[in-house]
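A.B. asks: One file: target-v4.txt (compact mmCIF, C-alpha atoms and all ligand atoms).
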# COMPACT_ATOMS: atom_id res chain seq x y z
CA MET K 1374 159.30 -25.13 -94.38
CA LEU K 1375 163.05 -24.95 -93.62
CA MET K 1376 163.73 -25.98 -97.21
CA ASP K 1377 161.96 -22.85 -98.48
CA PHE K 1378 164.92 -20.94 -97.05
CA PRO K 1379 168.18 -21.26 -99.07
CA PHE K 1380 170.08 -20.15 -95.97
CA PHE K 1381 169.31 -23.46 -94.26
CA ARG K 1382 170.45 -25.42 -97.30
CA ASN K 1383 173.78 -23.58 -97.14
CA ASN K 1384 174.27 -23.53 -93.37
CA LYS K 1385 173.97 -26.42 -91.00
CA LEU K 1386 173.02 -24.60 -87.85
CA LEU K 1387 170.16 -23.98 -85.47
CA TYR K 1388 169.07 -20.38 -85.84
CA PHE K 1389 167.37 -18.90 -82.77
CA ASP K 1390 168.05 -15.19 -83.29
CA ASN K 1391 164.83 -14.46 -85.13
CA ALA K 1392 163.87 -11.51 -82.94
CA ALA K 1393 166.97 -9.77 -84.32
CA THR K 1394 166.37 -10.78 -87.93
CA THR K 1395 164.73 -13.69 -89.73
CA GLN K 1396 166.09 -15.73 -92.62
CA LYS K 1397 164.59 -15.09 -96.08
CA PRO K 1398 162.64 -17.58 -98.16
CA GLY K 1399 163.85 -18.20 -101.73
CA VAL K 1400 160.84 -16.35 -103.13
CA VAL K 1401 162.03 -13.11 -101.49
CA ILE K 1402 165.57 -13.47 -102.82
CA ASP K 1403 164.24 -14.42 -106.29
CA ALA K 1404 161.81 -11.49 -106.40
CA MET K 1405 164.63 -9.05 -105.67
CA SER K 1406 167.13 -10.51 -108.08
CA SER K 1407 164.48 -10.83 -110.78
CA PHE K 1408 163.70 -7.12 -110.35
CA TYR K 1409 167.34 -6.21 -110.86
CA ALA K 1410 167.76 -8.67 -113.73
CA ARG K 1411 164.60 -7.74 -115.63
CA HIS K 1412 162.84 -4.59 -114.48
CA ASN K 1413 165.37 -2.25 -112.88
CA ALA K 1414 164.43 1.40 -113.52
CA PRO K 1415 163.58 4.47 -111.43
CA VAL K 1416 160.03 4.81 -110.13
CA HIS K 1417 157.53 7.68 -110.51
CA ARG K 1418 159.74 9.65 -112.94
CA GLY K 1419 160.51 7.86 -116.17
CA VAL K 1420 158.16 8.10 -119.15
CA TYR K 1421 159.43 4.90 -120.79
CA ALA K 1422 157.72 1.53 -120.40
CA LEU K 1423 160.33 -0.02 -118.12
CA ALA K 1424 160.10 2.85 -115.62
CA GLU K 1425 156.34 2.45 -115.67
CA GLU K 1426 156.75 -1.27 -114.97
CA ALA K 1427 159.07 -0.58 -112.04
CA THR K 1428 156.59 1.96 -110.68
CA ILE K 1429 153.75 -0.57 -110.89
CA LEU K 1430 155.84 -3.19 -109.06
CA TYR K 1431 156.79 -0.71 -106.34
CA GLU K 1432 153.23 0.53 -105.84
CA ASP K 1433 151.88 -3.06 -105.93
CA ALA K 1434 154.23 -3.78 -103.05
CA ARG K 1435 152.79 -0.88 -101.09
CA SER K 1436 149.25 -2.13 -101.79
CA ALA K 1437 150.07 -5.67 -100.66
CA ILE K 1438 151.59 -4.44 -97.41
CA ALA K 1439 148.66 -2.07 -96.86
CA GLN K 1440 146.26 -4.98 -97.33
CA PHE K 1441 148.30 -7.09 -94.90
CA ILE K 1442 147.61 -4.58 -92.10
CA GLY K 1443 144.18 -3.40 -93.29
CA ALA K 1444 145.33 0.10 -94.28
CA TYR K 1445 144.85 2.22 -97.39
CA PRO K 1446 147.95 2.19 -99.64
CA ASP K 1447 148.53 5.92 -99.13
CA GLU K 1448 148.81 5.30 -95.38
CA VAL K 1449 151.83 3.00 -95.82
CA ILE K 1450 155.07 4.98 -95.84
CA PHE K 1451 158.24 3.08 -96.61
CA THR K 1452 161.10 3.80 -94.23
CA LYS K 1453 164.43 2.09 -93.57
CA GLY K 1454 162.82 0.18 -90.72
CA THR K 1455 161.23 0.57 -87.30
CA THR K 1456 164.01 2.81 -86.01
CA GLU K 1457 163.57 5.29 -88.84
CA ALA K 1458 159.78 5.11 -88.52
CA ILE K 1459 159.92 6.13 -84.84
CA ASN K 1460 162.48 8.87 -85.54
CA PHE K 1461 160.11 10.03 -88.29
CA VAL K 1462 157.29 10.54 -85.79
CA ALA K 1463 159.64 12.23 -83.33
CA SER K 1464 160.93 14.71 -85.95
CA SER K 1465 157.95 15.25 -88.19
CA TRP K 1466 155.14 15.19 -85.69
CA ALA K 1467 156.30 15.49 -82.06
CA GLN K 1468 158.99 18.10 -82.66
CA VAL K 1469 156.56 20.17 -84.70
CA HIS K 1470 153.54 20.03 -82.41
CA LEU K 1471 154.75 19.47 -78.84
CA LYS K 1472 156.01 22.17 -76.50
CA ALA K 1473 157.90 22.24 -73.21
CA GLY K 1474 155.91 20.55 -70.45
CA ASP K 1475 153.95 18.28 -72.81
CA GLU K 1476 154.25 14.64 -71.80
CA ILE K 1477 155.17 11.51 -73.72
CA ILE K 1478 154.57 8.17 -72.04
CA ILE K 1479 156.57 5.08 -72.99
CA THR K 1480 157.22 1.87 -71.06
CA GLU K 1481 160.17 0.31 -69.26
CA LEU K 1482 160.06 -2.51 -71.81
CA GLU K 1483 161.12 -0.48 -74.82
CA HIS K 1484 163.88 -1.14 -77.34
CA HIS K 1485 166.34 1.77 -77.59
CA ALA K 1486 164.66 2.69 -80.89
CA ASN K 1487 161.60 3.72 -78.90
CA ILE K 1488 163.50 5.46 -76.09
CA VAL K 1489 166.32 7.51 -77.53
CA PRO K 1490 164.27 9.69 -79.95
CA TRP K 1491 162.12 10.75 -76.99
CA ILE K 1492 165.14 11.39 -74.73
CA ARG K 1493 166.44 13.71 -77.43
CA LEU K 1494 163.15 15.64 -77.38
CA GLU K 1495 163.32 15.73 -73.59
CA LYS K 1496 166.79 17.32 -73.82
CA THR K 1497 166.13 19.70 -76.71
CA ARG K 1498 162.46 20.63 -76.28
CA GLY K 1499 161.67 20.22 -72.60
CA ILE K 1500 159.21 17.40 -73.29
CA VAL K 1501 158.54 15.36 -70.14
CA LEU K 1502 159.20 11.65 -70.68
CA LYS K 1503 157.40 9.20 -68.40
CA TYR K 1504 157.75 5.43 -68.16
CA ILE K 1505 155.02 2.92 -67.37
CA PRO K 1506 156.82 0.66 -64.87
CA ILE K 1507 156.90 -3.12 -64.99
CA LYS K 1508 155.85 -5.31 -62.08
CA GLU K 1509 157.89 -8.17 -60.60
CA ASP K 1510 156.82 -10.60 -63.33
CA GLY K 1511 157.69 -8.17 -66.12
CA THR K 1512 154.12 -7.21 -67.00
CA LEU K 1513 153.25 -3.53 -67.23
CA ASP K 1514 151.64 -1.81 -64.26
CA TYR K 1515 148.55 -0.45 -65.99
CA ALA K 1516 147.21 1.10 -62.77
CA VAL K 1517 150.23 3.45 -62.78
CA TYR K 1518 149.61 4.17 -66.48
CA LEU K 1519 146.06 5.27 -65.78
CA GLU K 1520 147.29 7.60 -63.03
CA MET K 1521 149.94 9.09 -65.34
CA LEU K 1522 147.48 10.07 -68.05
CA SER K 1523 146.28 13.67 -68.10
CA GLU K 1524 145.54 16.43 -70.57
CA LYS K 1525 149.34 17.01 -70.64
CA THR K 1526 149.83 13.58 -72.26
CA LYS K 1527 150.30 14.08 -76.00
CA LEU K 1528 151.74 10.75 -77.10
CA VAL K 1529 151.92 7.21 -75.77
CA SER K 1530 154.54 5.17 -77.61
CA CYS K 1531 154.81 1.53 -76.71
CA THR K 1532 155.88 -1.83 -77.93
CA HIS K 1533 153.38 -4.42 -79.14
CA THR K 1534 155.61 -7.28 -77.97
CA SER K 1535 158.70 -6.93 -75.80
CA ASN K 1536 161.90 -7.85 -77.66
CA VAL K 1537 163.41 -9.17 -74.41
CA LEU K 1538 160.57 -10.72 -72.44
CA GLY K 1539 158.33 -11.72 -75.34
CA SER K 1540 155.31 -10.45 -73.39
CA HIS K 1541 152.47 -8.58 -75.08
CA THR K 1542 151.21 -5.12 -74.22
CA ASP K 1543 147.50 -4.64 -73.56
CA LEU K 1544 147.14 -2.27 -76.48
CA ASP K 1545 143.35 -2.05 -76.25
CA LEU K 1546 143.66 -0.60 -72.78
CA ILE K 1547 146.61 1.66 -73.66
CA ILE K 1548 144.94 3.09 -76.76
CA GLU K 1549 141.46 3.52 -75.35
CA HIS K 1550 142.70 5.44 -72.32
CA ALA K 1551 145.25 7.50 -74.28
CA HIS K 1552 142.54 8.59 -76.68
CA SER K 1553 140.23 9.45 -73.81
CA VAL K 1554 142.64 12.25 -72.77
CA GLY K 1555 143.25 13.32 -76.38
CA ALA K 1556 146.71 11.70 -76.69
CA TYR K 1557 147.92 9.87 -79.79
CA VAL K 1558 149.44 6.38 -79.78
CA LEU K 1559 152.43 4.98 -81.65
CA VAL K 1560 152.76 1.19 -81.61
CA ASP K 1561 156.17 -0.41 -82.21
CA ALA K 1562 155.12 -3.65 -83.87
CA ALA K 1563 158.65 -4.80 -84.83
CA GLN K 1564 158.29 -8.03 -82.85
CA ALA K 1565 154.70 -8.74 -83.78
CA MET K 1566 154.38 -8.90 -87.53
CA ALA K 1567 155.84 -12.37 -88.17
CA HIS K 1568 153.82 -13.91 -85.33
CA SER K 1569 150.32 -12.48 -85.25
CA SER K 1570 147.89 -10.70 -87.44
CA VAL K 1571 147.91 -6.94 -86.88
CA SER K 1572 144.96 -4.99 -88.21
CA VAL K 1573 145.19 -1.22 -87.98
CA GLN K 1574 141.40 -1.05 -88.06
CA GLU K 1575 141.06 -3.18 -84.94
CA LEU K 1576 144.04 -1.61 -83.22
CA ASN K 1577 142.97 2.00 -83.79
CA ALA K 1578 146.52 3.32 -83.23
CA ASP K 1579 147.65 6.64 -84.69
CA PHE K 1580 151.04 5.37 -85.88
CA LEU K 1581 152.41 1.86 -86.37
CA ALA K 1582 156.05 0.99 -87.07
CA PHE K 1583 157.62 -2.25 -88.25
CA SER K 1584 160.59 -3.71 -90.17
CA ALA K 1585 160.54 -6.11 -93.12
CA HIS K 1586 163.66 -8.01 -92.08
CA LYS K 1587 162.00 -9.38 -88.94
CA MET K 1588 159.19 -10.86 -91.05
CA PHE K 1589 161.18 -12.80 -93.69
CA GLY K 1590 161.74 -9.70 -95.84
CA PRO K 1591 164.90 -7.79 -96.75
CA THR K 1592 166.86 -5.35 -94.62
CA GLY K 1593 166.72 -1.64 -95.41
CA ILE K 1594 162.94 -1.31 -95.53
CA GLY K 1595 160.10 -0.99 -93.06
CA VAL K 1596 156.86 0.87 -92.64
CA LEU K 1597 155.48 3.84 -90.82
CA TYR K 1598 151.71 3.64 -90.99
CA VAL K 1599 150.35 7.18 -90.97
CA PRO K 1600 146.55 7.05 -91.11
CA ARG K 1601 144.73 9.61 -93.21
CA HIS K 1602 143.42 11.34 -90.09
CA MET K 1603 147.04 12.11 -89.04
CA GLN K 1604 148.46 13.13 -92.40
CA SER K 1605 147.61 16.82 -92.16
CA GLN K 1606 149.64 16.95 -88.92
CA VAL K 1607 152.72 15.07 -90.11
CA GLU K 1608 155.44 17.05 -91.90
CA PRO K 1609 157.83 15.43 -94.42
CA TYR K 1610 160.71 13.70 -92.65
CA GLN K 1611 163.14 14.52 -95.46
CA VAL K 1612 162.74 16.86 -98.41
CA GLY K 1613 164.16 16.71 -101.91
CA GLY K 1614 163.33 14.90 -105.13
CA GLY K 1615 160.22 12.81 -105.57
CA MET K 1616 158.20 14.40 -102.76
CA VAL K 1617 157.38 17.83 -104.23
CA TYR K 1618 154.35 19.13 -106.04
CA SER K 1619 156.23 22.19 -107.31
CA VAL K 1620 159.56 23.94 -106.70
CA ASP K 1621 160.74 27.42 -107.56
CA PHE K 1622 163.93 29.24 -106.50
CA HIS K 1623 162.56 30.15 -103.08
CA GLU K 1624 159.38 28.13 -102.77
CA ALA K 1625 158.41 24.47 -102.65
CA SER K 1626 155.17 22.63 -102.02
CA TRP K 1627 154.60 18.99 -101.25
CA ALA K 1628 153.02 16.17 -103.21
CA LYS K 1629 150.22 14.18 -101.60
CA PRO K 1630 151.00 11.21 -99.31
CA PRO K 1631 152.57 8.74 -99.66
CA GLN K 1632 155.04 10.52 -102.01
CA ARG K 1633 155.17 13.48 -99.62
CA TYR K 1634 156.91 11.25 -97.10
CA GLU K 1635 159.34 9.45 -99.42
CA ALA K 1636 162.06 11.85 -100.58
CA GLY K 1637 164.75 10.52 -102.90
CA THR K 1638 164.97 7.26 -104.81
CA PRO K 1639 163.13 4.73 -102.65
CA PRO K 1640 164.24 1.16 -101.82
CA ILE K 1641 162.51 -0.36 -104.88
CA ALA K 1642 163.96 -3.89 -104.88
CA GLU K 1643 163.50 -4.01 -101.10
CA ALA K 1644 159.81 -3.10 -101.44
CA ILE K 1645 159.40 -5.88 -104.00
CA GLY K 1646 161.15 -8.33 -101.67
CA PHE K 1647 158.96 -7.12 -98.81
CA LYS K 1648 155.84 -7.89 -100.87
CA ALA K 1649 157.19 -11.38 -101.58
CA ALA K 1650 157.67 -11.87 -97.82
CA VAL K 1651 154.10 -10.80 -97.09
CA ASP K 1652 152.83 -13.09 -99.87
CA TYR K 1653 154.88 -15.91 -98.32
CA ILE K 1654 153.30 -15.31 -94.90
CA ASN K 1655 149.83 -15.14 -96.44
CA THR K 1656 150.24 -18.44 -98.27
CA HIS K 1657 152.37 -20.47 -95.82
CA ILE K 1658 151.53 -19.31 -92.32
CA SER K 1659 148.31 -19.53 -90.36
CA PHE K 1660 148.81 -17.28 -87.35
CA ASP K 1661 146.53 -19.47 -85.20
CA ASP K 1662 148.57 -22.59 -85.96
CA LEU K 1663 151.79 -20.66 -85.52
CA LYS K 1664 150.73 -19.42 -82.10
CA ALA K 1665 150.06 -22.99 -80.97
CA HIS K 1666 153.37 -24.17 -82.44
CA GLU K 1667 155.39 -21.38 -80.84
CA ALA K 1668 153.63 -21.93 -77.52
CA ARG K 1669 154.76 -25.58 -77.64
CA LEU K 1670 158.37 -24.56 -78.34
CA THR K 1671 158.34 -21.85 -75.69
CA GLY K 1672 156.60 -24.05 -73.10
CA ARG K 1673 159.05 -26.92 -73.61
CA LEU K 1674 162.05 -24.59 -73.36
CA ILE K 1675 160.78 -22.86 -70.22
CA ASN K 1676 160.02 -26.22 -68.53
CA ALA K 1677 163.57 -27.39 -69.27
CA LEU K 1678 165.24 -24.14 -68.20
CA GLN K 1679 163.40 -24.33 -64.90
CA HIS K 1680 165.72 -27.28 -64.05
CA LEU K 1681 168.82 -25.15 -64.58
CA PRO K 1682 170.26 -22.52 -62.22
CA VAL K 1683 169.19 -19.58 -64.40
CA ARG K 1684 166.62 -16.82 -64.04
CA ILE K 1685 164.01 -16.93 -66.78
CA LEU K 1686 162.72 -13.45 -67.54
CA GLY K 1687 159.14 -12.36 -68.05
CA PRO K 1688 155.64 -13.64 -67.27
CA LEU K 1689 156.14 -17.37 -67.75
CA ASP K 1690 152.47 -18.39 -67.85
CA GLU K 1691 151.76 -15.88 -70.59
CA LEU K 1692 154.84 -16.95 -72.54
CA LYS K 1693 153.92 -20.64 -72.34
CA HIS K 1694 150.59 -19.71 -73.87
CA SER K 1695 151.53 -17.10 -76.46
CA GLY K 1696 155.28 -16.42 -76.43
CA HIS K 1697 157.81 -16.75 -79.21
CA MET K 1698 161.02 -16.10 -77.30
CA VAL K 1699 162.62 -16.95 -73.99
CA SER K 1700 165.33 -14.89 -72.29
CA PHE K 1701 167.31 -15.93 -69.25
CA ALA K 1702 170.18 -14.67 -67.13
CA SER K 1703 172.78 -16.41 -65.03
CA GLU K 1704 174.27 -14.97 -61.87
CA ASN K 1705 177.69 -16.43 -62.49
CA LEU K 1706 178.17 -16.42 -66.22
CA HIS K 1707 178.05 -13.70 -68.77
CA SER K 1708 175.54 -14.30 -71.54
CA HIS K 1709 178.37 -14.04 -74.08
CA ASP K 1710 180.04 -17.14 -72.59
CA ILE K 1711 176.82 -19.11 -72.90
CA ALA K 1712 176.27 -17.90 -76.47
CA ALA K 1713 179.88 -18.71 -77.39
CA TYR K 1714 179.45 -22.28 -76.10
CA LEU K 1715 176.23 -22.66 -78.10
CA ASP K 1716 177.97 -21.24 -81.16
CA LYS K 1717 180.59 -24.00 -80.93
CA HIS K 1718 177.66 -26.38 -81.32
CA ARG K 1719 176.39 -24.42 -84.33
CA ILE K 1720 173.53 -22.82 -82.43
CA ALA K 1721 172.90 -19.09 -82.88
CA VAL K 1722 171.28 -17.14 -80.02
CA ARG K 1723 171.42 -13.49 -79.00
CA ALA K 1724 173.44 -12.44 -75.96
CA GLY K 1725 173.78 -9.02 -74.35
CA ASN K 1726 171.20 -6.35 -73.62
CA HIS K 1727 169.24 -6.67 -76.90
CA CYS K 1728 169.15 -2.84 -77.25
CA ALA K 1729 167.11 -2.68 -74.06
CA LYS K 1730 169.59 -1.48 -71.44
CA PRO K 1731 167.05 0.34 -69.25
CA LEU K 1732 164.89 -2.82 -69.03
CA HIS K 1733 167.90 -4.93 -68.03
CA ARG K 1734 168.83 -2.35 -65.40
CA ARG K 1735 165.26 -2.41 -64.10
CA LEU K 1736 165.47 -6.21 -63.86
CA GLY K 1737 168.71 -5.88 -61.88
CA ILE K 1738 170.88 -7.53 -64.55
CA THR K 1739 173.22 -6.33 -67.26
CA ASP K 1740 172.67 -8.98 -69.90
CA SER K 1741 170.73 -12.05 -70.87
CA VAL K 1742 170.57 -14.85 -73.40
CA ARG K 1743 167.61 -14.68 -75.80
CA ILE K 1744 166.33 -17.68 -77.74
CA SER K 1745 163.76 -16.47 -80.25
CA PHE K 1746 161.68 -18.52 -82.63
CA ALA K 1747 160.26 -18.11 -86.12
CA ALA K 1748 157.78 -20.26 -88.02
CA TYR K 1749 160.56 -22.54 -89.31
CA ASN K 1750 161.93 -23.62 -85.90
CA THR K 1751 161.00 -27.14 -84.83
CA GLU K 1752 160.45 -29.11 -81.63
CA ASP K 1753 163.47 -31.22 -82.50
CA GLU K 1754 165.65 -28.10 -82.65
CA VAL K 1755 164.43 -27.10 -79.21
CA GLU K 1756 165.39 -30.54 -77.85
CA GLN K 1757 168.85 -30.02 -79.32
CA ILE K 1758 169.44 -26.64 -77.71
CA ILE K 1759 168.14 -27.97 -74.38
CA GLU K 1760 170.63 -30.83 -74.55
CA VAL K 1761 173.56 -28.48 -75.22
CA LEU K 1762 172.47 -26.11 -72.44
CA PHE K 1763 172.33 -29.03 -70.00
CA GLN K 1764 175.81 -30.18 -71.10
CA PHE K 1765 177.10 -26.68 -70.53
CA CYS K 1766 175.56 -26.42 -67.07
CA ASN K 1767 176.93 -29.80 -66.08
CA SER K 1768 180.39 -28.64 -67.10
CA LYS K 1769 180.12 -25.28 -65.24
CA TYR K 1770 178.45 -23.92 -62.15
CA VAL K 1771 176.14 -21.55 -63.91
N1 LIG K 1801 161.67 -2.13 -81.78
C1 LIG K 1801 161.76 -3.41 -81.38
C2 LIG K 1801 160.77 -3.94 -80.40
C3 LIG K 1801 162.76 -4.22 -81.88
O1 LIG K 1801 162.86 -5.48 -81.49
C4 LIG K 1801 163.67 -3.68 -82.83
C5 LIG K 1801 164.79 -4.49 -83.35
O2 LIG K 1801 165.27 -5.40 -82.71
C6 LIG K 1801 163.51 -2.35 -83.22
C7 LIG K 1801 162.51 -1.60 -82.68
C8 LIG K 1801 164.43 -1.73 -84.22
O3 LIG K 1801 164.21 -2.32 -85.47
P1 LIG K 1801 165.15 -1.96 -86.72
O4 LIG K 1801 166.55 -2.22 -86.25
O5 LIG K 1801 164.71 -2.92 -87.77
O6 LIG K 1801 164.93 -0.54 -87.05
Using the file provided, produce a representation of the structure as structure tokens.
Ligand code: PLP

C.D. replies:
Amino acid sequence: MLMDFPFFRNNKLLYFDNAATTQKPGVVIDAMSSFYARHNAPVHRGVYALAEEATILYEDARSAIAQFIGAYPDEVIFTKGTTEAINFVASSWAQVHLKAGDEIIITELEHHANIVPWIRLEKTRGIVLKYIPIKEDGTLDYAVYLEMLSEKTKLVSCTHTSNVLGSHTDLDLIIEHAHSVGAYVLVDAAQAMAHSSVSVQELNADFLAFSAHKMFGPTGIGVLYVPRHMQSQVEPYQVGGGMVYSVDFHEASWAKPPQRYEAGTPPIAEAIGFKAAVDYINTHISFDDLKAHEARLTGRLINALQHLPVRILGPLDELKHSGHMVSFASENLHSHDIAAYLDKHRIAVRAGNHCAKPLHRRLGITDSVRISFAAYNTEDEVEQIIEVLFQFCNSKYV
């Protein structure tokens, strides 16, 4: 599989920063450059054949991604990524419908992308922001969640998979109970899409956000899933060309979704690359096999790290069974020093707070090292990083 990715032909390194962004298979790069070389034209506007071709390619991409998550094409709104998708909901739904005193519940696990938009509403609109706490092992305290819910709860916005701990949220429980008090649910699936199958039908969430670049696709594109039952409540995020039904000097009305939600020239080549990434996943990855593979990598790494003087974060039993990343912290060494040592050995890992400062604070640390896997990582690569980490620890008192 590694050889499907030109990056690994050009770089001799072990890449373990997949939770930040994945490498791209050749088919994604080829699809994008072929679009520019052969089909480049604006979508939805031109009356010439080439523009029609570009429009078909762009809309085919939407259909493929919709099929990947079990949605209707008009429920798939292209955004710049997960961050923009969450900001979209904050601006175009929450800011429009919520009033002072209404409550939004998130969790202590969240990435800044799913914290800061809600803090802004707390400051500007008097929305009350509540956090589901984590327990000692990093799992969410669902008993506290159930106590928090009331008719004041309007939105629960939570991660599918933590980008620091790698643990999974019990979304069935979250969604069922949120709906029982009339609240809507936004799921941040940024860390899920390259590792497990996500069906919006089974999930029954009211919004779903994810990014192409974390699932072998290009940067600059992601999805906000807005189901048909929510579309009458969601205002356009931006207004301008491409999203109107009619415009006069002082009046404008909106086109139907999905165009209503995509003002301006969209990321056409990126959508085509995104489709190629989804096709690649569909043809090369079985999520059941991948889960078993990643559990082997994660289990081996955790077992080895347990012999080093570091604190491994998160619910280890769960991670050994279904994780795809491992984060750890050292009392004596900054994560940047560990990452710099690994980098000298041509091993790329993430160090710092991973855009999850509140979670690190809650865990009583400022930073951690994160080793995150994708389908192309191998057991041999894990043995290599373990060896280098042991060398490092033998040379320092970690
Ligand atoms: N949510 C989670 C859980 C993430 O891991 C990330 C990125 O690391 C984001 C949101 C933000 O994604 P993007 O930077 O692609 O918008």

A.B. asks: Counting only C-alpha atoms and all ligand atoms, what residues are within 6 Å of ligand LIG 1801 (chain K), given as a PyMOL selection string?

C.D. replies: chain K and resi 1393+1454-1456+1484+1486+1532+1535-1536+1561+1563-1564+1584

A.B. asks: Can you tell me, as a PyMOL selection string, what residues are no more than 7 Å from Met1616 in chain K when counting only C-alpha atoms, ignoring any on the same chain fewer than 2 positions away?

C.D. replies: chain K and resi 1612-1614+1618+1627-1628+1632-1636

A.B. asks: Hey, can you spit out that residue selection with C-alpha atoms as a PDB file, in the coordinates of the input?

C.D. replies:
ATOM      1  CA  VAL K1612     162.740  16.860 -98.410  1.00  0.00           C
ATOM      2  CA  GLY K1613     164.160  16.710-101.910  1.00  0.00           C
ATOM      3  CA  GLY K1614     163.330  14.900-105.130  1.00  0.00           C
ATOM      4  CA  TYR K1618     154.350  19.130-106.040  1.00  0.00           C
ATOM      5  CA  TRP K1627     154.600  18.990-101.250  1.00  0.00           C
ATOM      6  CA  ALA K1628     153.020  16.170-103.210  1.00  0.00           C
ATOM      7  CA  GLN K1632     155.040  10.520-102.010  1.00  0.00           C
ATOM      8  CA  ARG K1633     155.170  13.480 -99.620  1.00  0.00           C
ATOM      9  CA  TYR K1634     156.910  11.250 -97.100  1.00  0.00           C
ATOM     10  CA  GLU K1635     159.340   9.450 -99.420  1.00  0.00           C
ATOM     11  CA  ALA K1636     162.060  11.850-100.580  1.00  0.00           C
TER      12      ALA K1636
END

A.B. asks: Counting only C-alpha atoms, what is within 7 Å of range 1592-1609 of chain K, bar same-chain residues fewer than 6 positions away, as a PyMOL selection string?

C.D. replies: chain K and resi 1448-1455+1458+1465-1466+1579-1586+1633-1634+1640+1643-1644

A.B. asks: What residues have an atom no more than 12 Å from (171.6, -29.3, -78.4) in the file's own frame, counting all atoms listed in the file, and can you write them as a list in words?

C.D. replies: Leu1386, Leu1387, Tyr1388, Leu1674, Tyr1714, Leu1715, Asp1716, Lys1717, His1718, Arg1719, Ile1720, Ala1721, Glu1752, Asp1753, Glu1754, Val1755, Glu1756, Gln1757, Ile1758, Ile1759, Glu1760, Val1761, Leu1762, Phe1763, Gln1764 and Phe1765 of chain K

A.B. asks: Which residue is closest to Ala1677 in chain K? Choose from K:Val1699, K:Ile1505, K:Ala1444, K:Ala1729 and count only C-alpha atoms.

C.D. replies: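 Counting only C-alpha atoms, the residue closest to Ala1677 in chain K is K:Val1699.
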
A.B. asks: Could you rebuild range 1727-1731 of chain K with all heavy atoms and give it back as a JSON list (two decimals), in the frame of the given file?

C.D. replies:
[["chain", "number", "residue", "atom", "x", "y", "z"],
["K", 1727, "HIS", "N", 170.27, -6.68, -75.85],
["K", 1727, "HIS", "CA", 169.24, -6.67, -76.90],
["K", 1727, "HIS", "C", 168.70, -5.25, -77.17],
["K", 1727, "HIS", "O", 167.50, -5.08, -77.43],
["K", 1727, "HIS", "CB", 168.08, -7.62, -76.56],
["K", 1727, "HIS", "CG", 168.52, -8.86, -75.87],
["K", 1727, "HIS", "ND1", 169.56, -9.64, -76.31],
["K", 1727, "HIS", "CD2", 168.06, -9.45, -74.73],
["K", 1727, "HIS", "CE1", 169.74, -10.64, -75.49],
["K", 1727, "HIS", "NE2", 168.86, -10.56, -74.52],
["K", 1728, "CYS", "N", 169.57, -4.25, -77.07],
["K", 1728, "CYS", "CA", 169.15, -2.84, -77.25],
["K", 1728, "CYS", "C", 168.03, -2.49, -76.28],
["K", 1728, "CYS", "O", 167.09, -1.75, -76.65],
["K", 1728, "CYS", "CB", 168.72, -2.56, -78.69],
["K", 1728, "CYS", "SG", 170.05, -2.66, -79.86],
["K", 1729, "ALA", "N", 168.11, -3.02, -75.08],
["K", 1729, "ALA", "CA", 167.11, -2.68, -74.06],
["K", 1729, "ALA", "C", 167.85, -2.58, -72.72],
["K", 1729, "ALA", "O", 167.56, -3.31, -71.77],
["K", 1729, "ALA", "CB", 166.00, -3.72, -74.01],
["K", 1730, "LYS", "N", 168.79, -1.63, -72.67],
["K", 1730, "LYS", "CA", 169.59, -1.48, -71.44],
["K", 1730, "LYS", "C", 168.74, -1.05, -70.25],
["K", 1730, "LYS", "O", 168.89, -1.60, -69.17],
["K", 1730, "LYS", "CB", 170.70, -0.44, -71.67],
["K", 1730, "LYS", "CG", 171.95, -1.04, -72.27],
["K", 1730, "LYS", "CD", 173.08, -0.04, -72.17],
["K", 1730, "LYS", "CE", 174.35, -0.70, -72.70],
["K", 1730, "LYS", "NZ", 175.54, 0.04, -72.32],
["K", 1731, "PRO", "N", 167.84, -0.06, -70.42],
["K", 1731, "PRO", "CA", 167.05, 0.34, -69.25],
["K", 1731, "PRO", "C", 166.23, -0.83, -68.68],
["K", 1731, "PRO", "O", 166.13, -0.97, -67.46],
["K", 1731, "PRO", "CB", 166.13, 1.45, -69.80],
["K", 1731, "PRO", "CG", 166.92, 2.03, -70.94],
["K", 1731, "PRO", "CD", 167.62, 0.86, -71.56]]
